[in-house]
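Colleague: Let me give you the structure first, and then I'll get to my questions.
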Amino acid sequence: MRLSQFHLATVKEVPADAEIASHRLMLRAGMIRKLAAGLYTWSPLGLRVLRKVENVVRQEMDRAGAIEMLMPTIQPRELWEETGRWEKFGGQLLKIRDRKEQEFCYAPTAEEVITDYARNELNSYKQLPVNFYQIQTKFRDEIRPRFGVMRAREFLMKDAYSFHLGQESLAQTYQAMYDAYARIFTRLGLKFRAVQADTGAIGGNASHEFQVLADSGEDAIAFSDASDYAANVEKAEALAPTAARPVPAATLQRVDTPRQKTIAEVSAFLKVSPAQCVKTLMVRGKDGLVALCLRGDHELNEVKAGKLAELPDEFALAGEADILAATGARPGSIGPVGLPASIPLIVDRSAAVLADFVCGGNQDDTHYTGANWERDARITRVEDLRQVVEGDPSPDGKGTLHLARGIEVGHVFQLGGKYAEALGATVLDDQGKAQVMLMGCYGIGISRIVAAAIEQCHDEAGILWPEAMAPWRVAVCVINPKHSPEVAAAGEALYQALLQRGVEAVLDDRGLRAGSMFADMELIGIPHRVVVSERGLAAGTLEYRARGDSENRSLNEDELFALLD
Ligand code: ATP
Ligand code: MG
């Protein structure tokens with residue numbers, strides 16, 4: 001590509017709402033332009049990178065035996081009614097009507113459509129296993145679209161769906177996809193980790209997320225320092241403390257704690273550590289209020305709590321009026337002692353081994369000290385409710401947990417019979433009997449990967465693309481081509497020679513000042529830069545610099561070719 005004939009549109013200013021590096025750099029490099037919230041146009045430059053990612057994903061999916069197809073982005077309501085997801089999917093589902101007032105949604109995913117396809121196309125066990133995939137636009141009306149294409153509303157996803165007769169076959173394809181994903185992210189040059197994931201409302205058994213490690217990541221992941229245990233914090237189990245609960249030593253006392261509401265305030269006021277306090281969260285259960293008790297220094301894991309029989313998957317904190325009516329106190333002063341028997345009291349494992357603790361007094365501006373379970377407060381059940389923290393023992397019994405941030409770029413999931421059952425997708429087995437198929441689904445956020453790579457690979461000057469994702473591998477920068485026909489010709493010759501060797505090169509023949517040209521090439525992250533100048537021509541050398549280096553090297557043409565081979 002000759003830049004004089006391309007549309008490179010780098011900019012200096014970035015909008016204030018670009019909070020993270022990848023969003024800023026994608027805008028500055030002119031890879032994307034915002035159309036509306038969560039909707040982005042991919043410029044010619046951005047599209048080159050997007051296509052690189054797409055091609056690596058396609059090659060590895062093909063290699064792993066998946067077969068490509070393409071489904072519509074507009075899906076009929078009736079199909080979504082069959083799985084109950086027309087209502088259940090929630091606000092992310094963009095619903096639309098056609099001129100006949102028929103209802104559709106814009107695809108946020110394609111389980112319904114592929115399962116409908118499978119029930120029509122597949123009828124014998126001999127056709128299984130089969131793994132279909134597509135690379136297609138998705139739309140999710142995210143509550144908070146942000147970070148550019150990282151959490152967009154319209155985005156590009158690779159989604160694959162496999163069909164099986166039997167769990168063993170599903171497990172095999174799941175492993176094949178897991179391995180393909182590891183190859184994809186390795187080829188793309190990303191630092192990533194596969195972590196155990198929560199299976200959520202979708203149901204099913206095994207699930208792993210592929211997380212690109214980056215401090216700006218929205219996900220927290222926990223991993224052991226002594227084994228290969230790694231899990232999304234949503235899923236990571238906090239083991240029960242090994243030490244038993246001490247016997248009560250203190251007497252229960254109500255103390256005044258005027259205006260002290262948070263654990264930090266109460267513990268400072270009473271001069272006890274937050275770990276010696278119990279905090280009580282009142283939430284709306286399926287039938288009335290439910291109290292969740294945690295150690296003061298621990299946080300509630302909402303995914304774990306959502307699995308409690310008493311709570312809906314997505315539960316909310318109770319309102320102040322309800323809390324006051326039920327306990328006689330406002331939030332900030334509630335606790336397990338003397339709580340009405342109608343409220344289930346579910347206690348986290350770590351909170352359950354405390355003795356002589358501080359908790360809310362169920363009377364405004366008071367707390368109890370010296371409180372003890374069983375003696376002063378009943379326990380309905382002990383459960384794992386909290387987020388793991390740095391230093392917790394690893395759930396597999398080996399080593400200690402550490403926490404890191406990650407960006408979810410891929411997800412593999414054993415769905416089991418959920419969708420095939422709902423849609424009646426069966427095949428005849430070798431006995432001629434109809435059997436519901438088992439399914440796996442496997443997603444990759446193609447457009448999110450572009451942003452995730454930049455989060456991992458950038459510096460002050462701009463992007464540092466891994467070679468596999470760079471829009472071009474080499475930039476040939478020609479200094480003052482208009483003043484020197486020899487220099488222009490030498491630049492053109494080098495560019496042609498590189499192309500002939502199969503090296504993806506871009507010729508910067510725009511005639512800009514050297515400084516502007518270099519700044520652009522650094523900003524857009526071209527891994528290798530070669531300068532053709534009058535001085536170099538006279539000396540018979542090329543000035544070369546790798547994007548990550550701070551010094552130039554003088555190379556002759558053969559040395560350059562050898563370096564790029
Ligand atoms: P997240 O937790 O980030 O919302 P998800 O669990 O909803 O992701 P999946 O339904 O598993 O995502 O979709 C498969 C992949 O699509 C994800 O791993 C992610 O890489 C990508 N993806 C999901 N939502 C978005 C989005 N709003 N913008 C860009 N990519 C997305
Ligand atoms: Mg989501």
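Residue numbers start at 1 in each chain; chains themselves are named A, B, ... in the order of the structure tokens; ligands are numbered from 1 in the order shown.
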Could you report the residues within 6 Å of ligand 1, using only C-alpha atoms and all ligand atoms, as an NGL selection string?

Modeller: :A and (149-153 or 155 or 157 or 408-411 or 443-445 or 448)

Colleague: Would you kindly return, as an mmCIF file with N, CA and C atoms, in the first residue's frame, each protein, DNA or RNA residue with an atom no farther than 8 Å from any atom of region 206-208 of chain A, considering only C-alpha atoms and excluding same-chain residues fewer than 5 positions away?

Modeller:
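Saved the output as result16.cif:
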data_model
loop_
_atom_site.group_PDB
_atom_site.id
_atom_site.type_symbol
_atom_site.label_atom_id
_atom_site.label_comp_id
_atom_site.auth_asym_id
_atom_site.auth_seq_id
_atom_site.Cartn_x
_atom_site.Cartn_y
_atom_site.Cartn_z
ATOM 1 N N ALA A 194 -6.424 -19.076 30.426
ATOM 2 C CA ALA A 194 -7.740 -19.719 30.394
ATOM 3 C C ALA A 194 -8.158 -19.916 31.843
ATOM 4 N N VAL A 195 -9.327 -19.431 32.191
ATOM 5 C CA VAL A 195 -9.775 -19.522 33.586
ATOM 6 C C VAL A 195 -11.135 -20.204 33.662
ATOM 7 N N GLN A 196 -11.371 -20.906 34.746
ATOM 8 C CA GLN A 196 -12.694 -21.500 34.971
ATOM 9 C C GLN A 196 -13.705 -20.378 35.125
ATOM 10 N N ALA A 197 -14.865 -20.582 34.512
ATOM 11 C CA ALA A 197 -15.863 -19.510 34.544
ATOM 12 C C ALA A 197 -17.165 -20.022 35.119
ATOM 13 N N ASP A 198 -17.933 -19.073 35.604
ATOM 14 C CA ASP A 198 -19.262 -19.400 36.095
ATOM 15 C C ASP A 198 -20.137 -19.750 34.903
ATOM 16 N N THR A 199 -21.037 -20.722 35.079
ATOM 17 C CA THR A 199 -21.893 -21.105 33.954
ATOM 18 C C THR A 199 -23.172 -20.281 33.915
ATOM 19 N N HIS A 411 -14.716 -17.469 25.099
ATOM 20 C CA HIS A 411 -15.501 -18.201 26.082
ATOM 21 C C HIS A 411 -15.877 -19.544 25.467
ATOM 22 N N VAL A 412 -15.566 -20.654 26.156
ATOM 23 C CA VAL A 412 -16.019 -21.970 25.685
ATOM 24 C C VAL A 412 -16.938 -22.550 26.747
ATOM 25 N N PHE A 413 -17.960 -23.247 26.301
ATOM 26 C CA PHE A 413 -19.070 -23.548 27.182
ATOM 27 C C PHE A 413 -19.705 -24.882 26.803
ATOM 28 N N GLN A 414 -19.878 -25.772 27.759
ATOM 29 C CA GLN A 414 -20.662 -26.985 27.497
ATOM 30 C C GLN A 414 -22.105 -26.703 27.875
#

Colleague: Would you mind listing the residues within 9 Å of ligand 2, counting only C-alpha atoms and all ligand atoms, as a ChimeraX atom specification?

Modeller: /A:92,140,142,151

Colleague: Write the residues of the selection above to a file with C-alpha atoms, as a PDB file, in the first residue's frame.

Modeller:
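Below is the file out13.pdb, written as the result:
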ATOM      1  CA  GLN A  92     -29.594  -6.308  26.082  1.00  0.00           C
ATOM      2  CA  ARG A 140     -26.253  -6.135  22.584  1.00  0.00           C
ATOM      3  CA  GLU A 142     -25.230  -2.916  26.864  1.00  0.00           C
ATOM      4  CA  ARG A 151     -17.592  -3.008  25.236  1.00  0.00           C
TER       5      ARG A 151
END

Colleague: According to DSSP computed on the backbone, where in region 220-403 of chain A is there alpha helix (DSSP H)? Give the residues as a list in words.

Modeller: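 Answer for region 220-403 of chain A restricted to alpha helix (DSSP H) is Ile263, Ala264, Glu265, Val266, Ser267, Ala268, Phe269, Leu270, Glu302, Val303, Lys304, Ala305, Gly306, Glu320, Ala321, Asp322, Ile323, Leu324, Ala325, Ala326, Thr327, Arg349, Ser350, Ala351 and Ala352 of chain A.
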
Colleague: Would you list the contacts of region 345-357 of chain A as a PDB file with C-alpha atoms, in the first residue's frame, taking every protein, DNA or RNA residue within 7 Å and counting only C-alpha atoms, but skipping same-chain residues closer than 4 positions in sequence?

Modeller:
ATOM      1  CA  ALA A 240     -13.872 -22.780  54.687  1.00  0.00           C
ATOM      2  CA  PRO A 241     -11.359 -21.666  57.341  1.00  0.00           C
ATOM      3  CA  ALA A 244     -12.791 -23.964  64.387  1.00  0.00           C
ATOM      4  CA  ARG A 245     -14.837 -21.141  65.883  1.00  0.00           C
ATOM      5  CA  PRO A 246     -13.415 -20.127  69.307  1.00  0.00           C
ATOM      6  CA  VAL A 247     -15.711 -20.497  72.291  1.00  0.00           C
ATOM      7  CA  PRO A 248     -17.463 -17.269  73.353  1.00  0.00           C
ATOM      8  CA  ALA A 249     -15.478 -15.266  75.923  1.00  0.00           C
ATOM      9  CA  ALA A 250     -17.194 -11.868  75.940  1.00  0.00           C
ATOM     10  CA  GLN A 276     -13.728  -8.775  63.825  1.00  0.00           C
ATOM     11  CA  CYS A 277     -16.996  -7.219  62.585  1.00  0.00           C
ATOM     12  CA  VAL A 278     -19.932  -8.893  60.863  1.00  0.00           C
ATOM     13  CA  VAL A 290     -32.977 -12.466  53.238  1.00  0.00           C
ATOM     14  CA  ALA A 291     -30.013 -11.464  55.427  1.00  0.00           C
ATOM     15  CA  LEU A 292     -26.491 -12.217  54.190  1.00  0.00           C
ATOM     16  CA  CYS A 293     -23.683 -11.974  56.758  1.00  0.00           C
ATOM     17  CA  LEU A 294     -20.027 -11.492  55.849  1.00  0.00           C
ATOM     18  CA  ARG A 295     -16.863 -10.634  57.685  1.00  0.00           C
ATOM     19  CA  THR A 369     -19.980  -6.040  70.851  1.00  0.00           C
ATOM     20  CA  GLY A 370     -19.182  -9.509  72.140  1.00  0.00           C
ATOM     21  CA  ALA A 371     -21.764 -11.137  69.859  1.00  0.00           C
ATOM     22  CA  ASN A 372     -21.587 -14.874  69.264  1.00  0.00           C
ATOM     23  CA  ILE A 379     -27.641 -19.258  61.642  1.00  0.00           C
ATOM     24  CA  THR A 380     -29.976 -20.554  58.949  1.00  0.00           C
ATOM     25  CA  ARG A 381     -27.108 -21.853  56.841  1.00  0.00           C
ATOM     26  CA  VAL A 382     -23.384 -21.403  56.300  1.00  0.00           C
ATOM     27  CA  GLU A 383     -22.400 -20.852  52.652  1.00  0.00           C
ATOM     28  CA  ASP A 384     -19.522 -19.613  50.527  1.00  0.00           C
ATOM     29  CA  LEU A 385     -20.692 -16.058  49.809  1.00  0.00           C
ATOM     30  CA  ARG A 386     -17.611 -13.922  49.578  1.00  0.00           C
TER      31      ARG A 386
END

Colleague: If you count only C-alpha atoms, which residues fall within 7 Å of Arg28 (chain A), apart from same-chain ones fewer than 5 positions away, as a ChimeraX atom specification?

Modeller: /A:10-12,14

Colleague: Identify, on the basis of only C-alpha atoms, every residue whose closest approach to Ala214 (chain A) does not exceed 9 Å; exclude the query and any residue fewer than 6 positions from it along the same chain; express the result as a PyMOL selection string.

Modeller: chain A and resi 191+404-407+452+455-456

Colleague: Output N, CA and C atoms for every residue in that selection, as a PDB file, in the first residue's frame.

Modeller:
ATOM      1  N   LYS A 191      -0.622 -12.135  25.837  1.00  0.00           N
ATOM      2  CA  LYS A 191      -0.455 -12.808  27.134  1.00  0.00           C
ATOM      3  C   LYS A 191      -1.858 -13.080  27.658  1.00  0.00           C
ATOM      4  N   ALA A 404      -5.483 -10.948  39.511  1.00  0.00           N
ATOM      5  CA  ALA A 404      -5.032 -10.135  38.374  1.00  0.00           C
ATOM      6  C   ALA A 404      -6.266  -9.668  37.628  1.00  0.00           C
ATOM      7  N   ARG A 405      -6.093  -8.670  36.749  1.00  0.00           N
ATOM      8  CA  ARG A 405      -7.212  -8.193  35.946  1.00  0.00           C
ATOM      9  C   ARG A 405      -7.110  -8.785  34.540  1.00  0.00           C
ATOM     10  N   GLY A 406      -8.265  -9.031  33.955  1.00  0.00           N
ATOM     11  CA  GLY A 406      -8.263  -9.602  32.616  1.00  0.00           C
ATOM     12  C   GLY A 406      -9.383  -9.048  31.749  1.00  0.00           C
ATOM     13  N   ILE A 407      -9.199  -9.190  30.438  1.00  0.00           N
ATOM     14  CA  ILE A 407     -10.217  -8.819  29.459  1.00  0.00           C
ATOM     15  C   ILE A 407     -10.696 -10.120  28.824  1.00  0.00           C
ATOM     16  N   ALA A 452      -8.023  -5.214  23.111  1.00  0.00           N
ATOM     17  CA  ALA A 452      -7.305  -5.909  24.191  1.00  0.00           C
ATOM     18  C   ALA A 452      -5.808  -5.972  23.898  1.00  0.00           C
ATOM     19  N   GLU A 455      -4.290  -2.679  24.738  1.00  0.00           N
ATOM     20  CA  GLU A 455      -4.131  -2.513  26.189  1.00  0.00           C
ATOM     21  C   GLU A 455      -2.832  -3.159  26.645  1.00  0.00           C
ATOM     22  N   GLN A 456      -2.515  -4.292  26.053  1.00  0.00           N
ATOM     23  CA  GLN A 456      -1.324  -5.022  26.470  1.00  0.00           C
ATOM     24  C   GLN A 456      -0.045  -4.472  25.833  1.00  0.00           C
TER      25      GLN A 456
END

Colleague: Which residue gives the smallest distance to Met517 (chain A) among A:Ala243, A:Leu3, A:Ala325, A:Val49, with only C-alpha atoms counted?

Modeller: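 With only C-alpha atoms as the atom set, the closest residue is A:Leu3.
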
Colleague: What's the separation between CA of Arg48 (chain A) and CA of Pro471 (chain A), in Å to one decimal place?

Modeller: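 Value for the CA of Arg48 (chain A)-CA of Pro471 (chain A) distance: 5.3 Å.
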